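K.L.:
Sharing run38.cif (mmCIF, C-alpha atoms) below.
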```cif
data_target
loop_
_atom_site.label_atom_id
_atom_site.label_comp_id
_atom_site.auth_asym_id
_atom_site.auth_seq_id
_atom_site.Cartn_x
_atom_site.Cartn_y
_atom_site.Cartn_z
CA MET A 297 4.90 -32.04 -19.44
CA THR A 298 3.82 -28.98 -17.55
CA SER A 299 5.55 -28.28 -14.28
CA SER A 300 3.90 -27.27 -11.03
CA ALA A 301 6.87 -25.33 -9.67
CA GLY A 302 9.71 -23.25 -11.00
CA GLU A 303 12.49 -20.82 -10.30
CA LEU A 304 13.73 -17.69 -12.01
CA ALA A 305 16.89 -15.71 -11.31
CA ILE A 306 16.39 -11.95 -10.97
CA GLN A 307 19.64 -10.32 -12.00
CA GLY A 308 18.69 -7.50 -14.27
CA GLU A 309 15.89 -5.16 -15.12
CA SER A 310 14.70 -7.41 -17.94
CA ASP A 311 14.12 -10.17 -15.40
CA ILE A 312 11.24 -8.12 -13.96
CA VAL A 313 9.50 -8.64 -17.31
CA ALA A 314 10.52 -12.32 -17.28
CA ALA A 315 9.05 -12.70 -13.77
CA ARG A 316 5.76 -11.17 -14.92
CA ARG A 317 5.58 -13.56 -17.89
CA THR A 318 6.42 -16.62 -15.80
CA VAL A 319 3.80 -15.74 -13.19
CA ARG A 320 1.17 -14.85 -15.79
CA ASP A 321 1.67 -18.22 -17.44
CA ALA A 322 1.60 -20.16 -14.15
CA ALA A 323 -1.50 -18.33 -12.85
CA ALA A 324 -3.41 -18.73 -16.10
CA ARG A 325 -2.60 -22.44 -16.28
CA LEU A 326 -3.95 -22.90 -12.78
CA GLY A 327 -7.26 -21.48 -13.95
CA PHE A 328 -7.28 -18.03 -12.32
CA GLY A 329 -9.57 -15.54 -14.07
CA VAL A 330 -8.18 -12.51 -15.87
CA THR A 331 -8.66 -10.14 -12.91
CA ASP A 332 -6.90 -12.44 -10.47
CA VAL A 333 -4.13 -13.09 -13.00
CA THR A 334 -3.65 -9.32 -13.29
CA ARG A 335 -3.58 -8.96 -9.48
CA ILE A 336 -1.00 -11.73 -9.09
CA VAL A 337 1.20 -10.47 -11.94
CA THR A 338 1.09 -6.91 -10.59
CA ALA A 339 2.14 -8.09 -7.12
CA ALA A 340 4.96 -10.13 -8.69
CA SER A 341 6.11 -7.09 -10.65
CA GLU A 342 6.34 -4.98 -7.48
CA LEU A 343 8.33 -7.61 -5.61
CA ALA A 344 10.64 -8.53 -8.49
CA ARG A 345 11.48 -4.84 -8.83
CA ASN A 346 12.16 -4.60 -5.09
CA VAL A 347 14.63 -7.50 -5.34
CA PHE A 348 16.46 -5.85 -8.24
CA LYS A 349 16.32 -2.36 -6.77
CA TYR A 350 17.32 -3.06 -3.19
CA ALA A 351 19.39 -6.27 -3.41
CA GLY A 352 20.68 -6.16 -6.99
CA GLU A 353 19.79 -9.82 -7.49
CA GLY A 354 17.80 -12.67 -6.11
CA VAL A 355 15.46 -15.51 -6.99
CA MET A 356 11.75 -15.89 -7.61
CA ARG A 357 10.21 -19.29 -6.89
CA TRP A 358 6.69 -20.33 -7.67
CA ARG A 359 4.67 -23.45 -6.96
CA TYR A 360 1.14 -24.71 -7.07
CA LEU A 361 -0.58 -25.34 -3.76
CA GLU A 362 -3.11 -28.03 -2.93
CA GLU A 363 -4.82 -27.88 0.43
CA GLY A 364 -7.94 -29.85 1.08
CA ASN A 365 -10.27 -28.98 -1.77
CA ARG A 366 -8.66 -25.69 -2.70
CA SER A 367 -5.73 -24.89 -4.92
CA GLY A 368 -3.56 -21.84 -5.21
CA LEU A 369 -0.30 -20.28 -6.27
CA GLU A 370 2.64 -19.45 -4.03
CA LEU A 371 5.31 -16.96 -5.01
CA GLN A 372 8.52 -16.47 -3.11
CA PHE A 373 11.08 -13.72 -3.60
CA VAL A 374 14.44 -14.36 -1.99
CA ASP A 375 17.44 -12.07 -1.86
CA GLN A 376 20.62 -11.62 0.14
CA GLY A 377 20.37 -7.85 0.10
CA PRO A 378 20.45 -5.29 2.92
CA GLY A 379 17.19 -6.53 4.44
CA ILE A 380 14.27 -4.48 5.67
CA GLY A 381 15.10 -2.51 8.80
CA ASP A 382 11.54 -1.95 9.91
CA ILE A 383 8.99 -4.31 8.37
CA GLY A 384 6.12 -2.51 10.06
CA ARG A 385 7.05 0.75 8.39
CA ALA A 386 7.80 -0.94 5.05
CA LEU A 387 4.18 -2.10 5.05
CA GLU A 388 2.91 1.42 5.60
CA GLU A 389 1.57 3.10 2.54
CA GLY A 390 3.80 5.84 1.22
CA TYR A 391 6.88 4.76 3.14
CA SER A 392 9.92 4.16 0.95
CA THR A 393 13.67 4.19 1.47
CA GLY A 394 14.31 3.88 -2.25
CA GLY A 395 12.63 6.98 -3.62
CA GLY A 396 9.56 5.07 -4.77
CA LEU A 397 5.90 5.64 -4.07
CA GLY A 398 5.95 3.27 -1.12
CA MET A 399 3.16 1.23 -2.65
CA GLY A 400 5.02 -1.94 -3.57
CA LEU A 401 4.73 -4.02 -0.41
CA PRO A 402 1.40 -2.72 0.92
CA GLY A 403 -0.05 -2.95 -2.60
CA ALA A 404 1.15 -6.52 -3.08
CA ARG A 405 -0.35 -7.49 0.28
CA ARG A 406 -3.75 -6.20 -0.75
CA LEU A 407 -3.64 -7.98 -4.10
CA MET A 408 -2.77 -11.37 -2.64
CA ASP A 409 -4.51 -13.47 0.04
CA GLU A 410 -1.47 -14.02 2.23
CA MET A 411 1.91 -12.37 2.58
CA GLU A 412 4.76 -13.21 4.90
CA ILE A 413 8.03 -11.31 5.20
CA GLN A 414 11.19 -12.64 6.78
CA SER A 415 14.07 -10.23 6.86
CA ALA A 416 17.31 -9.71 8.72
CA THR A 417 19.34 -6.55 8.37
CA GLY A 418 22.43 -7.24 6.30
CA LYS A 419 21.35 -10.79 5.50
CA GLY A 420 18.47 -10.53 3.13
CA THR A 421 14.74 -10.74 2.66
CA THR A 422 12.27 -13.47 1.80
CA VAL A 423 8.74 -12.51 0.85
CA THR A 424 6.19 -15.30 0.43
CA LEU A 425 2.82 -14.63 -1.17
CA LYS A 426 -0.19 -16.86 -1.70
CA LYS A 427 -3.31 -16.54 -3.77
CA TRP A 428 -6.11 -19.07 -3.52
CA ARG A 429 -8.38 -19.89 -6.36
CA ARG A 430 -12.04 -19.33 -5.66
CA ILE A 431 -14.06 -22.32 -6.75
CA MET B 384 11.01 -4.47 -31.63
CA ASP B 385 7.93 -5.33 -29.60
CA HIS B 386 8.84 -2.92 -26.81
CA ALA B 387 8.72 0.20 -28.96
CA ILE B 388 6.45 3.07 -28.05
CA SER B 389 4.66 4.40 -31.09
CA VAL B 390 3.96 8.14 -31.33
CA VAL B 391 1.68 9.38 -34.11
CA LYS B 392 0.42 12.90 -34.60
CA VAL B 393 -3.29 13.19 -35.35
CA ARG B 394 -4.40 16.75 -35.98
CA GLN B 395 -3.02 18.66 -32.96
CA VAL B 396 -2.72 15.63 -30.74
CA LEU B 397 -0.02 13.04 -30.15
CA MET B 398 -1.28 9.48 -30.01
CA VAL B 399 1.08 7.43 -27.89
CA THR B 400 0.57 3.68 -27.84
CA MET B 401 2.12 1.60 -25.06
CA PRO B 402 3.15 -2.01 -25.70
CA PRO B 403 1.49 -4.78 -23.61
CA ASP B 404 4.37 -5.53 -21.26
CA PRO B 405 7.05 -2.81 -21.38
CA ASP B 406 10.26 -3.08 -19.36
CA ASP B 407 11.30 -0.24 -17.03
CA THR B 408 13.67 1.28 -19.59
CA THR B 409 10.84 1.54 -22.12
CA VAL B 410 8.54 3.07 -19.53
CA THR B 411 11.19 5.63 -18.59
CA ALA B 412 11.83 6.41 -22.26
CA LEU B 413 8.14 7.22 -22.62
CA GLN B 414 8.57 10.43 -20.65
CA GLU B 415 11.36 11.89 -22.75
CA LYS B 416 9.89 10.75 -26.02
CA VAL B 417 6.51 12.31 -25.27
CA LEU B 418 7.91 15.62 -23.97
CA ASN B 419 10.23 15.99 -26.96
CA ALA B 420 7.43 15.19 -29.37
CA VAL B 421 5.10 17.73 -27.70
CA GLU B 422 7.69 20.43 -28.28
CA ARG B 423 8.72 19.35 -31.78
CA TYR B 424 5.17 19.10 -33.13
CA GLY B 425 3.67 21.89 -31.03
CA ALA B 426 1.04 19.43 -29.89
CA ARG B 427 -1.96 20.64 -27.97
CA GLY B 428 -2.50 17.40 -26.17
CA VAL B 429 -1.38 13.81 -25.69
CA VAL B 430 -3.46 10.65 -25.76
CA LEU B 431 -1.82 7.79 -23.94
CA ASP B 432 -3.35 4.60 -25.23
CA ILE B 433 -2.88 1.85 -22.64
CA SER B 434 -5.50 -0.52 -24.04
CA ALA B 435 -2.86 -3.17 -24.71
CA VAL B 436 -1.25 -2.82 -21.28
CA GLU B 437 -1.73 -5.94 -19.15
CA THR B 438 0.08 -4.86 -15.98
CA LEU B 439 0.12 -1.36 -14.52
CA ASP B 440 2.34 -1.50 -11.46
CA SER B 441 3.28 1.44 -9.22
CA PHE B 442 6.40 2.28 -11.24
CA PHE B 443 4.51 2.43 -14.53
CA ALA B 444 1.66 4.40 -12.95
CA ARG B 445 4.04 6.91 -11.40
CA THR B 446 5.75 7.51 -14.74
CA VAL B 447 2.41 8.03 -16.49
CA SER B 448 1.31 10.41 -13.76
CA GLU B 449 4.54 12.42 -13.87
CA THR B 450 4.51 12.59 -17.64
CA ALA B 451 0.99 14.03 -17.59
CA GLN B 452 2.12 16.62 -15.06
CA MET B 453 5.08 17.61 -17.23
CA VAL B 454 2.95 17.89 -20.36
CA SER B 455 0.62 20.09 -18.34
CA LEU B 456 3.51 22.36 -17.37
CA MET B 457 4.28 22.69 -21.06
CA GLY B 458 0.70 23.79 -21.69
CA GLY B 459 -0.68 20.53 -23.01
CA ARG B 460 -3.37 18.14 -21.95
CA THR B 461 -2.94 14.41 -21.35
CA VAL B 462 -5.73 11.87 -21.55
CA VAL B 463 -5.15 8.22 -20.64
CA ALA B 464 -7.31 5.94 -22.75
CA GLY B 465 -8.46 2.36 -22.79
CA MET B 466 -7.56 0.98 -19.39
CA ARG B 467 -8.61 -2.66 -19.21
CA PRO B 468 -11.16 -3.63 -16.54
CA ALA B 469 -8.74 -6.00 -14.76
CA VAL B 470 -6.09 -3.28 -14.73
CA ALA B 471 -8.55 -0.75 -13.29
CA VAL B 472 -9.59 -3.19 -10.53
CA THR B 473 -5.97 -3.90 -9.65
CA ALA B 474 -4.88 -0.26 -9.74
CA THR B 475 -7.71 0.76 -7.42
CA GLN B 476 -6.98 -2.06 -5.00
CA ILE B 477 -3.31 -1.11 -4.84
CA GLY B 478 -4.30 2.50 -4.20
CA LEU B 479 -3.12 4.01 -7.48
CA THR B 480 -5.21 7.03 -8.29
CA LEU B 481 -3.19 8.39 -11.25
CA GLY B 482 -3.46 11.81 -9.63
CA ASN B 483 -5.83 14.10 -11.44
CA ILE B 484 -5.22 12.71 -14.89
CA GLU B 485 -8.08 12.73 -17.33
CA THR B 486 -9.17 9.36 -18.64
CA ALA B 487 -11.36 8.10 -21.43
CA LEU B 488 -12.83 4.72 -22.28
CA THR B 489 -11.81 4.87 -25.93
CA THR B 490 -9.05 6.56 -27.91
CA GLU B 491 -11.67 8.36 -30.04
CA ARG B 492 -13.15 10.06 -27.00
CA ALA B 493 -9.66 10.76 -25.63
CA LEU B 494 -8.70 12.41 -28.92
CA GLU B 495 -11.65 14.78 -28.67
CA LEU B 496 -10.76 15.70 -25.10
CA ALA B 497 -7.06 16.19 -25.81
CA ALA B 498 -7.75 18.36 -28.85
CA ALA B 499 -9.90 20.72 -26.79
CA GLU B 500 -8.45 23.78 -25.09
CA PRO B 501 -6.33 22.85 -22.09
CA VAL B 502 -8.13 23.17 -18.79
CA ARG B 503 -6.68 25.98 -16.73
CA ARG B 504 -6.13 24.71 -13.26
CA LYS B 505 -5.63 26.98 -10.32
CA ALA B 506 -2.39 26.50 -8.45
CA ARG B 507 -2.91 24.35 -5.40
#
```
Would you mind writing the structure in this file as structure tokens?
P.N.:
Amino acid sequence: MTSSAGELAIQGESDIVAARRTVRDAAARLGFGVTDVTRIVTAASELARNVFKYAGEGVMRWRYLEEGNRSGLELQFVDQGPGIGDIGRALEEGYSTGGGLGMGLPGARRLMDEMEIQSATGKGTTVTLKKWRRI
Amino acid sequence: MDHAISVVKVRQVLMVTMPPDPDDTTVTALQEKVLNAVERYGARGVVLDISAVETLDSFFARTVSETAQMVSLMGGRTVVAGMRPAVAVTATQIGLTLGNIETALTTERALELAAAEPVRRKAR
């Protein structure tokens, strides 16, 4: 039986690799082409690293989407970390509070079709991403 | 160990092969391993073969870019070879430019480039 949803704990650096593998497998099974699979996996890699780097730990959830006659993949990254103080700035290219390139969030947004960020300072961050399959 | 980075010396050039899906520790180790090998073997250049790499995220790209810069400071030349089409599309979309690193389609071509005299760049 193949599942249409799943969850993965992000607790260590090796879980970034695990997240990439899980997402690669899920995206490929849904029928995404190699370029879209690479886009989705790259976005997942950026966000899984953010969870580990900023919050220490969190969860990645994925599920298949069906909407009318289109299907897609949803990824959600949830943590109880420090939260994002200024979401607007965090989406600006080159802005980073963690010594990175500041390309993670803006890059992920460009690679996916939809991205939604919910964050409260001191409470955590939830990033939800969607990619639709072109038929 | 499927995460190992292989470094082989061919003539005056170090051929560095990246595994398909390296973790961050392996990517970070790349830098030290390459710089040490450049010194130990007196290499003229480095070819970084990423033809097996399936995901080039911003962390990986930054490390590659920095490593090339460091090799350049040591007097060597770095050529990145074999980027997959899907990886190139994704990297461009994300805005990764890999700085002013030289690239080549194949490792053979990269080897020729890396073995040539280092390009003298003017200070910016």
K.L.:
Determine, using all atoms listed in the file, which residues of chain B have any atom at most 6 Å from an atom of chain A, and tabulate each with its shortest atom pair and distance in Å to one decimal place, rows ordered by chain and then rising number, as a Markdown table.
P.N.:
```
| residue | atom | partner | partner_atom | distance |
| --- | --- | --- | --- | --- |
| B:Asp406 | CA | A:Val313 | CA | 6.0 |
| B:Thr438 | CA | A:Thr338 | CA | 5.9 |
| B:Asp440 | CA | A:Thr338 | CA | 5.6 |
| B:Ala469 | CA | A:Thr331 | CA | 4.5 |
| B:Thr473 | CA | A:Arg335 | CA | 5.6 |
| B:Ile477 | CA | A:Gly403 | CA | 4.4 |
```
K.L.:
For the residues in the current selection, export C-alpha atoms as a PDB file, in the coordinates of the input.
P.N.:
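Okay, this is what ended up in out-v4.pdb:
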```pdb
ATOM      1  CA  ASP B 406      10.260  -3.080 -19.360  1.00  0.00           C
ATOM      2  CA  THR B 438       0.080  -4.860 -15.980  1.00  0.00           C
ATOM      3  CA  ASP B 440       2.340  -1.500 -11.460  1.00  0.00           C
ATOM      4  CA  ALA B 469      -8.740  -6.000 -14.760  1.00  0.00           C
ATOM      5  CA  THR B 473      -5.970  -3.900  -9.650  1.00  0.00           C
ATOM      6  CA  ILE B 477      -3.310  -1.110  -4.840  1.00  0.00           C
TER       7      ILE B 477
END
```
K.L.:
So that I can see what lies close to Gly379 in chain A, please list as a ChimeraX atom specification the residues with an atom at most 10 Å from it, counting only C-alpha atoms and leaving out residues fewer than 5 positions away in the same chain.
P.N.:
/A:350-351,414-422
K.L.:
Record the distance separating CA of Gln307 in chain A and CA of Phe442 in chain B, expressed in Å with one decimal.
P.N.:
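Going from CA of Gln307 in chain A over to CA of Phe442 in chain B covers 18.3 Å.
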K.L.:
Could you give me, as a PyMOL selection string, the residues that sit within 7 Å of (16.6, -13.3, -2.7) in the file's coordinates, counting all atoms listed in the file?
P.N.:
chain A and resi 347+353-355+373-376+420-422
K.L.:
Could you jot down the CA of Val421 in chain B to CA of Val391 in chain B separation for me, Å, one decimal place?
P.N.:
11.1 Å
K.L.:
What is the CA of Ala386 in chain A-CA of Thr318 in chain A distance in Å, reported with one decimal?
P.N.:
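These two atoms are separated by 26.1 Å.
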K.L.:
Can you list, as a compact mmCIF listing (two decimals) with C-alpha atoms, in the frame of the given file, every protein, DNA or RNA residue that comes within 6 Å of Pro403 in chain B when you count all atoms listed in the file, leaving out same-chain residues fewer than 5 positions away?
P.N.:
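Written file, part.txt:
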```
# COMPACT_ATOMS: atom_id res chain seq x y z
CA ALA B 435 -2.86 -3.17 -24.71
CA VAL B 436 -1.25 -2.82 -21.28
CA GLU B 437 -1.73 -5.94 -19.15
```
K.L.:
Need the neighbours of (6.3, -26.4, -10.0): which residues are at most 7 Å away, counting only C-alpha atoms, as a VMD selection string?
P.N.:
chain A and resid 299 to 302 358 to 360
